[in-house]
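Colleague: Structure supplied as work-v5.tsv; contents: TSV, C-alpha atoms.
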```tsv
chain	number	residue	atom	x	y	z
A	220	MET	CA	0.00	0.00	0.00
A	221	GLY	CA	1.06	3.59	-0.58
A	222	GLU	CA	2.02	6.04	2.09
A	223	VAL	CA	-0.84	8.20	3.38
A	224	THR	CA	0.00	11.89	3.74
A	225	PRO	CA	-1.95	13.69	6.47
A	226	HIS	CA	-3.45	17.09	5.71
A	227	TRP	CA	-5.26	19.77	7.68
A	228	ARG	CA	-8.92	20.59	7.19
A	229	PHE	CA	-10.27	23.81	8.64
A	230	ALA	CA	-13.82	25.07	8.93
A	231	GLU	CA	-14.67	28.16	6.90
A	232	MET	CA	-14.51	31.30	9.01
A	233	THR	CA	-17.64	33.40	9.39
A	234	PRO	CA	-17.55	37.22	9.32
A	235	ALA	CA	-18.21	37.22	13.10
A	236	GLN	CA	-14.98	35.34	13.87
A	237	ILE	CA	-11.70	37.10	14.62
A	238	ALA	CA	-8.63	35.73	12.84
A	239	GLU	CA	-5.72	36.58	15.12
A	240	ASN	CA	-3.40	34.92	17.61
A	241	PRO	CA	-3.89	36.79	20.91
A	242	VAL	CA	-1.17	34.89	22.78
A	243	GLN	CA	1.79	36.71	21.22
A	244	GLY	CA	0.33	40.14	21.89
A	245	GLU	CA	-0.72	39.23	25.41
A	246	PHE	CA	2.74	38.30	26.68
A	247	PHE	CA	5.20	40.43	24.74
A	248	THR	CA	3.75	43.88	24.18
A	249	SER	CA	5.41	46.12	26.75
A	250	ALA	CA	9.10	46.26	27.66
A	251	ALA	CA	8.22	47.57	31.15
A	252	ASP	CA	6.84	44.29	32.45
A	253	MET	CA	8.85	41.96	30.20
A	254	PRO	CA	10.78	40.24	33.05
A	255	GLU	CA	7.59	39.31	34.91
A	256	ARG	CA	5.92	38.02	31.78
A	257	LEU	CA	8.98	36.07	30.70
A	258	VAL	CA	9.32	34.40	34.11
A	259	ARG	CA	5.60	33.60	34.18
A	260	GLU	CA	5.79	32.03	30.72
A	261	ALA	CA	8.89	29.99	31.66
A	262	ILE	CA	7.18	28.70	34.81
A	263	GLN	CA	4.02	27.82	32.87
A	264	ASN	CA	6.04	25.98	30.20
A	265	SER	CA	7.92	24.04	32.89
A	266	MET	CA	4.70	23.06	34.58
A	267	ASP	CA	3.18	21.97	31.26
A	268	ALA	CA	6.27	19.90	30.46
A	269	ALA	CA	6.10	18.24	33.87
A	270	LEU	CA	2.48	17.24	33.21
A	271	ASP	CA	3.46	15.63	29.89
A	272	GLY	CA	6.15	13.43	31.25
```
Translate this structure into structure tokens?
Modeller:
Amino acid sequence: MGEVTPHWRFAEMTPAQIAENPVQGEFFTSAADMPERLVREAIQNSMDAALDG
């Protein structure tokens, strides 16, 4: 048998939906609180990694 190649299928967006990734803007917008946000993100990533394995 041949190799099956996976592909993504997405639902069509409606005009009421917002097409943006809010995560990037939420954590890295202001240089004033960058250290706190960076530490918070590192802690969250460590906790998530601990849950995975």
Colleague: What does the distance between atom CA of Leu257 of chain A and atom CA of Ile237 of chain A come to in Å, to one decimal place?
Modeller: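 These atoms are spaced 26.2 Å apart.
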Colleague: Suppose you want the space between atom CA of Asp252 of chain A and atom CA of Ser265 of chain A; what is it in Å?
Modeller: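 Rounded to one decimal, the two atoms are 20.3 Å apart.
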Colleague: Interatomic distance between atom CA of Glu255 of chain A and atom CA of Asp267 of chain A?
Modeller: 18.3 Å
Colleague: As AutoDock Vina command-line options, please: the centre and edge lengths in Å, to one decimal, of an axis-aligned box enclosing every listed atom of segment 252-268 of chain A with 5 Å added on each side.
Modeller:
```
--center_x 7.0 --center_y 32.1 --center_z 32.6 --size_x 17.6 --size_y 34.4 --size_z 14.7
```
